[in-house]
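Participant: Pasting in a structure now, in structure tokens, and then I'll have a few things to ask.
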Amino acid sequence: MRILVTGKNGQLGKSINKVVNTGNGKNNYQQDNEFIFVGREELDLSSERSISHYFDRSNKFDVIINCAAYTAVDKAEEECELANQVNHLAVKQLANIANEQKAKLVHVSTDYVFDGESNKSYTEADETNPINVYGKTKLAGEKALQAIMLTNAIIIRTSWVYSEYGNNFVKTMLRLGKERDEINVVSDQIGSPTYATDLAKAILKIIDNRDYQDKDRATEIYHHSNKGEISWYDFTKEIFKLAKIDCKVSPITTEQYPTPAKRPKRALMDKEKIVEKFSIKTHYWKETLCSCINNIENKI
Ligand SMILES: NC(=O)c1ccc[n+]([C@@H]2O[C@H](COP(=O)([O-])OP(=O)(O)OC[C@H]3O[C@@H](n4cnc5c(N)ncnc54)[C@H](OP(=O)(O)O)[C@@H]3O)[C@@H](O)[C@H]2O)c1
């Protein structure tokens, strides 16, 4: 298959690249497929023209994995139009192109499509109600995709993504923990972290699935994150424990740490559907946090 991966410099794009290029013969994705990784230099999702231009000049793809997104949650409150173009209108355009090319589209979305007010974990069928611009634009992207591609697309919602790459909570805490003696971290927002490598493996396992490749499957949404439910405060304590960082962590409330964008208090997602349909094994969050920190500390 010819597989296009957008967002090559982002956490997920880089993690897919890492998994593809460390195939061990059993899962040798690179040998069985042709992967084309593109960043904004080649395919700028903020420009309708750039998108058309790129696909007009390229051979057809069998699968498009859209890892690119406008992910600056706070900045999106000001840059609504740009966030909407990248997270919504570009996804609509990609869906039309995927339809024309009879390609499959794997699109990544977020737990921020929910308001986080439920006591239960959200299933894919639960009502959405985003409370910030980023969540609204991501939801608009999901809806546009679903309206255009009744078959052959999947949307994977994920949460609290971290990795060895780019800027993320784990890397920020490792840095701050080494610089400071004490740190305050929000303890009343609960979620499930996701190691980008685990999400990358899940996506590659899905597109490698014969059943998924052959049939005109109805477009579906799936939830994927690591197992376990924690606060940012719990997460920080474990990061410091694993990295042997001696820095005091004190819990604070969301009100004590105001941000331009509101965050859902408890956007937990039920992951049964992806496990059942594709036998995706989800790791407990501490297991993969440990691997990621080792990779960061050993500069792998
Ligand atoms: N990070 C999270 O905590 C989180 C949580 C839930 C869901 N998600 C979703 O998961 C997916 C992957 O996220 P991630 O963590 O890998 O995000 P990321 O590290 O911020 O990467 C996003 C990538 O999108 C690219 N991008 C932004 N604007 C673009 C444009 N106009 N044209 C082309 N590329 C553009 C960025 O390019 P540059 O490198 O050039 O800036 C970046 O490489 C996204 O759909 C995101 O919404 C993420």
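Simple scheme: letters A, B, ... for chains in structure tokens order, numbers from 1 for residues in each chain, numbers from 1 for ligands in the order shown.
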Which chain A residues have any atom within 8 Å of an atom of ligand 1, and for each, what is the nearest pair of atoms with distance in Å to one decimal, counting only C-alpha atoms and all ligand atoms, rows sorted by chain and number, as JSON lines?
Facilitator:
```
{"residue": "A:Thr6", "atom": "CA", "partner": "ligand 1", "partner_atom_place_in_ligand_line": "34 (N)", "distance": 6.8}
{"residue": "A:Gly7", "atom": "CA", "partner": "ligand 1", "partner_atom_place_in_ligand_line": "43 (O)", "distance": 4.2}
{"residue": "A:Lys8", "atom": "CA", "partner": "ligand 1", "partner_atom_place_in_ligand_line": "43 (O)", "distance": 5.6}
{"residue": "A:Asn9", "atom": "CA", "partner": "ligand 1", "partner_atom_place_in_ligand_line": "43 (O)", "distance": 3.9}
{"residue": "A:Gly10", "atom": "CA", "partner": "ligand 1", "partner_atom_place_in_ligand_line": "21 (O)", "distance": 3.3}
{"residue": "A:Gln11", "atom": "CA", "partner": "ligand 1", "partner_atom_place_in_ligand_line": "16 (O)", "distance": 3.6}
{"residue": "A:Leu12", "atom": "CA", "partner": "ligand 1", "partner_atom_place_in_ligand_line": "16 (O)", "distance": 3.8}
{"residue": "A:Gly13", "atom": "CA", "partner": "ligand 1", "partner_atom_place_in_ligand_line": "16 (O)", "distance": 6.0}
{"residue": "A:Lys14", "atom": "CA", "partner": "ligand 1", "partner_atom_place_in_ligand_line": "16 (O)", "distance": 7.8}
{"residue": "A:Gly39", "atom": "CA", "partner": "ligand 1", "partner_atom_place_in_ligand_line": "34 (N)", "distance": 5.4}
{"residue": "A:Arg40", "atom": "CA", "partner": "ligand 1", "partner_atom_place_in_ligand_line": "33 (C)", "distance": 3.6}
{"residue": "A:Glu41", "atom": "CA", "partner": "ligand 1", "partner_atom_place_in_ligand_line": "33 (C)", "distance": 7.4}
{"residue": "A:Leu43", "atom": "CA", "partner": "ligand 1", "partner_atom_place_in_ligand_line": "33 (C)", "distance": 5.7}
{"residue": "A:Asp44", "atom": "CA", "partner": "ligand 1", "partner_atom_place_in_ligand_line": "32 (N)", "distance": 3.6}
{"residue": "A:Leu45", "atom": "CA", "partner": "ligand 1", "partner_atom_place_in_ligand_line": "32 (N)", "distance": 3.7}
{"residue": "A:Ser46", "atom": "CA", "partner": "ligand 1", "partner_atom_place_in_ligand_line": "31 (N)", "distance": 4.0}
{"residue": "A:Ser47", "atom": "CA", "partner": "ligand 1", "partner_atom_place_in_ligand_line": "31 (N)", "distance": 7.2}
{"residue": "A:Asn66", "atom": "CA", "partner": "ligand 1", "partner_atom_place_in_ligand_line": "45 (O)", "distance": 7.1}
{"residue": "A:Cys67", "atom": "CA", "partner": "ligand 1", "partner_atom_place_in_ligand_line": "12 (C)", "distance": 4.7}
{"residue": "A:Ala68", "atom": "CA", "partner": "ligand 1", "partner_atom_place_in_ligand_line": "24 (O)", "distance": 3.3}
{"residue": "A:Ala69", "atom": "CA", "partner": "ligand 1", "partner_atom_place_in_ligand_line": "24 (O)", "distance": 4.3}
{"residue": "A:Tyr70", "atom": "CA", "partner": "ligand 1", "partner_atom_place_in_ligand_line": "27 (C)", "distance": 4.7}
{"residue": "A:Thr71", "atom": "CA", "partner": "ligand 1", "partner_atom_place_in_ligand_line": "20 (O)", "distance": 4.9}
{"residue": "A:Ala72", "atom": "CA", "partner": "ligand 1", "partner_atom_place_in_ligand_line": "20 (O)", "distance": 7.1}
{"residue": "A:Leu82", "atom": "CA", "partner": "ligand 1", "partner_atom_place_in_ligand_line": "31 (N)", "distance": 7.9}
{"residue": "A:Val86", "atom": "CA", "partner": "ligand 1", "partner_atom_place_in_ligand_line": "31 (N)", "distance": 5.7}
{"residue": "A:Asn87", "atom": "CA", "partner": "ligand 1", "partner_atom_place_in_ligand_line": "47 (O)", "distance": 7.7}
{"residue": "A:His107", "atom": "CA", "partner": "ligand 1", "partner_atom_place_in_ligand_line": "45 (O)", "distance": 7.1}
{"residue": "A:Val108", "atom": "CA", "partner": "ligand 1", "partner_atom_place_in_ligand_line": "45 (O)", "distance": 4.4}
{"residue": "A:Ser109", "atom": "CA", "partner": "ligand 1", "partner_atom_place_in_ligand_line": "45 (O)", "distance": 4.9}
{"residue": "A:Thr110", "atom": "CA", "partner": "ligand 1", "partner_atom_place_in_ligand_line": "7 (C)", "distance": 3.8}
{"residue": "A:Asp111", "atom": "CA", "partner": "ligand 1", "partner_atom_place_in_ligand_line": "6 (C)", "distance": 6.0}
{"residue": "A:Tyr112", "atom": "CA", "partner": "ligand 1", "partner_atom_place_in_ligand_line": "6 (C)", "distance": 7.0}
{"residue": "A:Lys138", "atom": "CA", "partner": "ligand 1", "partner_atom_place_in_ligand_line": "47 (O)", "distance": 7.0}
{"residue": "A:Arg157", "atom": "CA", "partner": "ligand 1", "partner_atom_place_in_ligand_line": "7 (C)", "distance": 6.3}
{"residue": "A:Thr158", "atom": "CA", "partner": "ligand 1", "partner_atom_place_in_ligand_line": "6 (C)", "distance": 4.7}
{"residue": "A:Ser159", "atom": "CA", "partner": "ligand 1", "partner_atom_place_in_ligand_line": "6 (C)", "distance": 3.9}
{"residue": "A:Trp160", "atom": "CA", "partner": "ligand 1", "partner_atom_place_in_ligand_line": "3 (O)", "distance": 3.8}
{"residue": "A:Val161", "atom": "CA", "partner": "ligand 1", "partner_atom_place_in_ligand_line": "3 (O)", "distance": 3.8}
{"residue": "A:Tyr162", "atom": "CA", "partner": "ligand 1", "partner_atom_place_in_ligand_line": "3 (O)", "distance": 6.5}
{"residue": "A:Tyr165", "atom": "CA", "partner": "ligand 1", "partner_atom_place_in_ligand_line": "19 (O)", "distance": 7.5}
{"residue": "A:Gly166", "atom": "CA", "partner": "ligand 1", "partner_atom_place_in_ligand_line": "19 (O)", "distance": 5.9}
{"residue": "A:Asn167", "atom": "CA", "partner": "ligand 1", "partner_atom_place_in_ligand_line": "19 (O)", "distance": 7.0}
{"residue": "A:Asn168", "atom": "CA", "partner": "ligand 1", "partner_atom_place_in_ligand_line": "1 (N)", "distance": 7.0}
{"residue": "A:Thr194", "atom": "CA", "partner": "ligand 1", "partner_atom_place_in_ligand_line": "3 (O)", "distance": 7.9}
{"residue": "A:Ala196", "atom": "CA", "partner": "ligand 1", "partner_atom_place_in_ligand_line": "16 (O)", "distance": 7.4}
```
Participant: Could those residues be written to a file, using N, CA and C atoms, as a short mmCIF file (atom, residue, chain, number, x, y, z; two decimals), in the first residue's frame?
Facilitator:
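Contents of out_6.cif, freshly written:
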```cif
data_model
loop_
_atom_site.label_atom_id
_atom_site.label_comp_id
_atom_site.auth_asym_id
_atom_site.auth_seq_id
_atom_site.Cartn_x
_atom_site.Cartn_y
_atom_site.Cartn_z
N THR A 6 0.54 12.54 7.38
CA THR A 6 0.72 13.99 7.53
C THR A 6 1.25 14.28 8.95
N GLY A 7 1.78 15.48 9.14
CA GLY A 7 2.27 15.86 10.48
C GLY A 7 3.55 15.13 10.84
N LYS A 8 4.48 15.02 9.87
CA LYS A 8 5.68 14.19 10.09
C LYS A 8 6.57 14.69 11.23
N ASN A 9 6.45 15.97 11.58
CA ASN A 9 7.30 16.49 12.66
C ASN A 9 6.60 16.52 14.02
N GLY A 10 5.37 16.06 14.07
CA GLY A 10 4.64 16.05 15.33
C GLY A 10 4.92 14.77 16.11
N GLN A 11 4.37 14.69 17.32
CA GLN A 11 4.62 13.53 18.19
C GLN A 11 4.16 12.22 17.55
N LEU A 12 2.94 12.24 17.02
CA LEU A 12 2.40 10.99 16.46
C LEU A 12 3.06 10.65 15.13
N GLY A 13 3.27 11.67 14.29
CA GLY A 13 3.92 11.43 13.00
C GLY A 13 5.30 10.83 13.21
N LYS A 14 6.05 11.37 14.16
CA LYS A 14 7.41 10.85 14.42
C LYS A 14 7.35 9.45 15.03
N GLY A 39 5.32 17.06 6.04
CA GLY A 39 5.08 18.11 7.03
C GLY A 39 4.46 19.30 6.34
N ARG A 40 4.41 20.43 7.07
CA ARG A 40 3.73 21.59 6.49
C ARG A 40 4.47 22.16 5.28
N GLU A 41 5.79 21.85 5.15
CA GLU A 41 6.55 22.34 4.00
C GLU A 41 5.98 21.75 2.71
N LEU A 43 2.88 19.88 2.58
CA LEU A 43 1.41 19.88 2.58
C LEU A 43 0.93 20.77 3.72
N ASP A 44 0.63 22.03 3.39
CA ASP A 44 0.23 22.99 4.42
C ASP A 44 -1.29 22.97 4.57
N LEU A 45 -1.75 22.46 5.69
CA LEU A 45 -3.20 22.30 5.88
C LEU A 45 -3.91 23.62 6.15
N SER A 46 -3.13 24.70 6.30
CA SER A 46 -3.80 25.99 6.50
C SER A 46 -4.18 26.61 5.16
N SER A 47 -3.79 25.95 4.06
CA SER A 47 -4.05 26.51 2.74
C SER A 47 -4.74 25.48 1.85
N ASN A 66 -3.95 11.03 8.94
CA ASN A 66 -3.84 12.46 9.24
C ASN A 66 -3.45 12.70 10.69
N CYS A 67 -2.15 12.90 10.90
CA CYS A 67 -1.64 13.17 12.26
C CYS A 67 -1.48 14.66 12.48
N ALA A 68 -1.56 15.46 11.41
CA ALA A 68 -1.36 16.91 11.55
C ALA A 68 -2.60 17.53 12.16
N ALA A 69 -2.38 18.52 13.00
CA ALA A 69 -3.51 19.24 13.59
C ALA A 69 -3.00 20.53 14.21
N TYR A 70 -3.91 21.46 14.40
CA TYR A 70 -3.60 22.66 15.18
C TYR A 70 -3.83 22.24 16.63
N THR A 71 -2.74 22.07 17.40
CA THR A 71 -2.88 21.47 18.74
C THR A 71 -2.61 22.44 19.90
N ALA A 72 -2.39 23.72 19.57
CA ALA A 72 -2.11 24.69 20.64
C ALA A 72 -3.45 25.11 21.27
N LEU A 82 -7.64 30.00 12.11
CA LEU A 82 -6.57 29.09 11.68
C LEU A 82 -6.83 27.68 12.23
N VAL A 86 -7.36 24.26 9.88
CA VAL A 86 -6.50 23.06 9.96
C VAL A 86 -7.29 21.85 10.50
N ASN A 87 -8.08 22.09 11.54
CA ASN A 87 -8.74 20.95 12.21
C ASN A 87 -10.10 20.58 11.61
N HIS A 107 -8.11 9.32 10.67
CA HIS A 107 -8.02 10.68 11.20
C HIS A 107 -7.97 10.63 12.73
N VAL A 108 -7.13 11.48 13.31
CA VAL A 108 -6.96 11.45 14.77
C VAL A 108 -7.70 12.63 15.40
N SER A 109 -8.49 12.33 16.43
CA SER A 109 -9.23 13.39 17.12
C SER A 109 -8.96 13.31 18.62
N THR A 110 -9.81 13.91 19.41
CA THR A 110 -9.45 14.18 20.81
C THR A 110 -10.60 13.94 21.80
N ASP A 111 -10.22 13.69 23.04
CA ASP A 111 -11.19 13.60 24.15
C ASP A 111 -11.81 14.98 24.43
N TYR A 112 -11.17 16.04 23.92
CA TYR A 112 -11.70 17.39 24.15
C TYR A 112 -12.99 17.68 23.37
N LYS A 138 -12.03 20.45 16.32
CA LYS A 138 -11.76 19.01 16.10
C LYS A 138 -13.09 18.28 15.87
N ARG A 157 -10.10 8.84 18.54
CA ARG A 157 -9.97 9.90 19.55
C ARG A 157 -8.97 9.45 20.60
N THR A 158 -8.05 10.35 20.93
CA THR A 158 -7.05 10.01 21.93
C THR A 158 -6.94 11.14 22.95
N SER A 159 -6.08 10.96 23.97
CA SER A 159 -6.00 11.96 25.04
C SER A 159 -4.59 12.05 25.62
N TRP A 160 -4.25 13.20 26.13
CA TRP A 160 -3.01 13.43 26.91
C TRP A 160 -1.80 12.76 26.25
N VAL A 161 -1.54 13.09 24.99
CA VAL A 161 -0.47 12.42 24.24
C VAL A 161 0.91 12.94 24.68
N TYR A 162 1.83 12.02 24.91
CA TYR A 162 3.21 12.39 25.22
C TYR A 162 4.15 11.45 24.47
N TYR A 165 9.25 13.06 21.59
CA TYR A 165 9.37 14.13 20.58
C TYR A 165 8.58 15.39 20.93
N GLY A 166 9.05 16.52 20.42
CA GLY A 166 8.30 17.78 20.51
C GLY A 166 8.11 18.24 21.94
N ASN A 167 7.08 19.05 22.13
CA ASN A 167 6.78 19.56 23.47
C ASN A 167 5.61 18.80 24.02
N ASN A 168 5.74 18.31 25.22
CA ASN A 168 4.61 17.63 25.86
C ASN A 168 4.78 17.69 27.36
N THR A 194 -1.53 8.99 27.00
CA THR A 194 -1.32 8.10 25.84
C THR A 194 0.10 8.27 25.35
N ALA A 196 2.57 8.13 22.59
CA ALA A 196 2.34 8.22 21.14
C ALA A 196 2.79 6.94 20.41
#
```
Participant: Quick one: pick out all alpha helix (DSSP H) residues within region 170-249 of chain A from a backbone DSSP run and write them as a ChimeraX atom specification.
Facilitator: /A:170-179,196-207,210-214,232-242
Participant: Skip Tyr212 (chain A) itself and residues of its chain fewer than 6 positions away, then list as a ChimeraX atom specification all residues within 12 Å of it, counting only C-alpha atoms.
Facilitator: /A:63,104-106,151-154,203-206,218-220,277-278
Participant: Using backbone DSSP assignments, extract all strand (DSSP E or B) residues from region 162-191 of chain A; output them as a PyMOL selection string.
Facilitator: chain A and resi 162+182-186+190-191
Participant: Skip Lys178 (chain A) itself and residues of its chain fewer than 5 positions away, then list as a ChimeraX atom specification all residues within 8 Å of it, counting only C-alpha atoms.
Facilitator: /A:245-247
Participant: Can you pull out every residue within 7 Å of Ser187 (chain A), counting only C-alpha atoms, but drop anything in the same chain fewer than 3 positions away, and send it as a list in words?
Facilitator: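 Selected residues are Ser231, Trp232, Tyr233, Pro251, Ile252 and Thr253 of chain A.
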Participant: Using only N, CA and C atoms, please write the residues we just selected to a file, as an mmCIF file, in the first residue's frame.
Facilitator:
```cif
data_model
loop_
_atom_site.group_PDB
_atom_site.id
_atom_site.type_symbol
_atom_site.label_atom_id
_atom_site.label_comp_id
_atom_site.auth_asym_id
_atom_site.auth_seq_id
_atom_site.Cartn_x
_atom_site.Cartn_y
_atom_site.Cartn_z
ATOM 1 N N SER A 231 -4.770 12.211 37.616
ATOM 2 C CA SER A 231 -4.752 13.678 37.458
ATOM 3 C C SER A 231 -3.352 14.078 36.969
ATOM 4 N N TRP A 232 -3.232 15.337 36.551
ATOM 5 C CA TRP A 232 -1.908 15.845 36.137
ATOM 6 C C TRP A 232 -0.936 15.761 37.317
ATOM 7 N N TYR A 233 -1.479 15.960 38.522
ATOM 8 C CA TYR A 233 -0.669 15.878 39.743
ATOM 9 C C TYR A 233 -0.112 14.458 39.935
ATOM 10 N N PRO A 251 -0.481 19.676 45.085
ATOM 11 C CA PRO A 251 -1.699 19.735 44.266
ATOM 12 C C PRO A 251 -2.359 21.112 44.324
ATOM 13 N N ILE A 252 -2.838 21.588 43.173
ATOM 14 C CA ILE A 252 -3.625 22.825 43.143
ATOM 15 C C ILE A 252 -4.896 22.579 42.308
ATOM 16 N N THR A 253 -5.839 23.509 42.404
ATOM 17 C CA THR A 253 -7.084 23.361 41.641
ATOM 18 C C THR A 253 -6.961 24.080 40.294
#
```
Participant: Can you pull out the residues contacting Arg2 (chain A)? Cut-off 7 Å, using only C-alpha atoms, and skip same-chain residues under 4 positions away; I want them as number ranges by chain.
Facilitator: A: 33-35, 61-63
Participant: Keeping only N, CA, C and O atoms, take the residues you just selected and write them out as a PDB file, in the first residue's frame.
Facilitator:
```pdb
ATOM      1  N   ASN A  33       4.977  -1.929   2.574  1.00  0.00           N
ATOM      2  CA  ASN A  33       4.254  -0.718   2.139  1.00  0.00           C
ATOM      3  C   ASN A  33       5.236   0.385   1.772  1.00  0.00           C
ATOM      4  O   ASN A  33       6.395   0.353   2.180  1.00  0.00           O
ATOM      5  N   GLU A  34       4.693   1.376   1.066  1.00  0.00           N
ATOM      6  CA  GLU A  34       5.505   2.578   0.818  1.00  0.00           C
ATOM      7  C   GLU A  34       4.930   3.708   1.673  1.00  0.00           C
ATOM      8  O   GLU A  34       3.756   4.080   1.499  1.00  0.00           O
ATOM      9  N   PHE A  35       5.732   4.203   2.605  1.00  0.00           N
ATOM     10  CA  PHE A  35       5.267   5.292   3.471  1.00  0.00           C
ATOM     11  C   PHE A  35       5.810   6.624   2.967  1.00  0.00           C
ATOM     12  O   PHE A  35       6.998   6.730   2.663  1.00  0.00           O
ATOM     13  N   PHE A  61      -2.920   7.564  -3.278  1.00  0.00           N
ATOM     14  CA  PHE A  61      -2.579   6.848  -2.047  1.00  0.00           C
ATOM     15  C   PHE A  61      -3.660   5.811  -1.754  1.00  0.00           C
ATOM     16  O   PHE A  61      -4.826   5.974  -2.147  1.00  0.00           O
ATOM     17  N   ASP A  62      -3.260   4.752  -1.053  1.00  0.00           N
ATOM     18  CA  ASP A  62      -4.243   3.763  -0.593  1.00  0.00           C
ATOM     19  C   ASP A  62      -4.775   4.139   0.790  1.00  0.00           C
ATOM     20  O   ASP A  62      -5.920   3.854   1.118  1.00  0.00           O
ATOM     21  N   VAL A  63      -3.891   4.742   1.579  1.00  0.00           N
ATOM     22  CA  VAL A  63      -4.286   5.139   2.939  1.00  0.00           C
ATOM     23  C   VAL A  63      -3.694   6.520   3.230  1.00  0.00           C
ATOM     24  O   VAL A  63      -2.546   6.796   2.885  1.00  0.00           O
TER      25      VAL A  63
END
```
Participant: With only C-alpha atoms as the counted atoms, please give the residues lying no more than 10 Å from Lys201 (chain A), apart from itself and same-chain residues fewer than 6 positions off, as a compact mmCIF listing (two decimals) with all heavy atoms, in the first residue's frame.
Facilitator:
```
# COMPACT_ATOMS: atom_id res chain seq x y z
N SER A 15 6.35 9.22 15.84
CA SER A 15 6.23 7.90 16.47
C SER A 15 5.87 6.84 15.43
O SER A 15 6.38 5.71 15.49
CB SER A 15 5.18 7.92 17.59
OG SER A 15 5.56 8.87 18.55
N ILE A 16 5.02 7.19 14.47
CA ILE A 16 4.70 6.24 13.40
C ILE A 16 5.97 5.95 12.60
O ILE A 16 6.29 4.80 12.31
CB ILE A 16 3.56 6.78 12.49
CG1 ILE A 16 2.25 6.83 13.27
CG2 ILE A 16 3.41 5.92 11.23
CD1 ILE A 16 1.05 7.35 12.50
N LYS A 18 9.00 6.09 13.66
CA LYS A 18 9.88 5.24 14.49
C LYS A 18 9.44 3.78 14.42
O LYS A 18 10.26 2.90 14.18
CB LYS A 18 9.83 5.74 15.95
CG LYS A 18 10.66 4.91 16.91
CD LYS A 18 10.57 5.41 18.35
CE LYS A 18 9.28 4.99 19.03
NZ LYS A 18 9.23 5.33 20.46
N VAL A 19 8.14 3.53 14.59
CA VAL A 19 7.65 2.15 14.59
C VAL A 19 7.86 1.50 13.21
O VAL A 19 8.31 0.36 13.11
CB VAL A 19 6.16 2.09 15.00
CG1 VAL A 19 5.62 0.67 14.91
CG2 VAL A 19 5.96 2.64 16.40
N VAL A 20 7.56 2.27 12.17
CA VAL A 20 7.72 1.74 10.80
C VAL A 20 9.17 1.36 10.53
O VAL A 20 9.46 0.33 9.92
CB VAL A 20 7.24 2.81 9.77
CG1 VAL A 20 7.76 2.51 8.38
CG2 VAL A 20 5.73 2.90 9.77
N ILE A 280 -6.61 -4.58 19.80
CA ILE A 280 -5.52 -3.67 20.17
C ILE A 280 -5.26 -3.82 21.67
O ILE A 280 -6.15 -3.61 22.49
CB ILE A 280 -5.90 -2.19 19.89
CG1 ILE A 280 -6.31 -1.98 18.43
CG2 ILE A 280 -4.80 -1.24 20.34
CD1 ILE A 280 -5.23 -1.94 17.42
N LYS A 281 -4.03 -4.17 21.99
CA LYS A 281 -3.68 -4.31 23.40
C LYS A 281 -3.34 -2.93 23.96
O LYS A 281 -2.49 -2.23 23.41
CB LYS A 281 -2.45 -5.24 23.50
CG LYS A 281 -2.13 -5.66 24.90
CD LYS A 281 -0.96 -6.64 24.92
CE LYS A 281 -0.46 -6.78 26.33
NZ LYS A 281 0.98 -6.76 26.46
```
Participant: Which residue gives the smallest distance to Ser121 (chain A) among A:Leu145, A:Val275, A:Ala83, A:Ile190, with only C-alpha atoms counted?
Facilitator: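 Among A:Leu145, A:Val275, A:Ala83, A:Ile190, it is A:Ile190 that comes nearest to Ser121 (chain A).
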Participant: Could you tell me which of A:Ser52, A:Ser163, A:Ser279, A:Thr254 comes closest to Ser291 (chain A) if we count only C-alpha atoms?
Facilitator: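 Among the listed residues, the smallest separation from Ser291 (chain A) belongs to A:Ser163.
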Participant: Name the closest residue to Lys237 (chain A) among the candidates A:Pro264, A:Gly177, A:Gly191, A:Pro258; distances are taken between atoms, counting only C-alpha atoms.
Facilitator: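 Closest to Lys237 (chain A) of all the choices is A:Gly177.
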Participant: Which residue gives the smallest distance to Ile274 (chain A) among A:Phe114, A:Tyr122, A:Phe235, A:Tyr222, with only C-alpha atoms counted?
Facilitator: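 Looking at the shortest contact to Ile274 (chain A), the residue is A:Tyr222.
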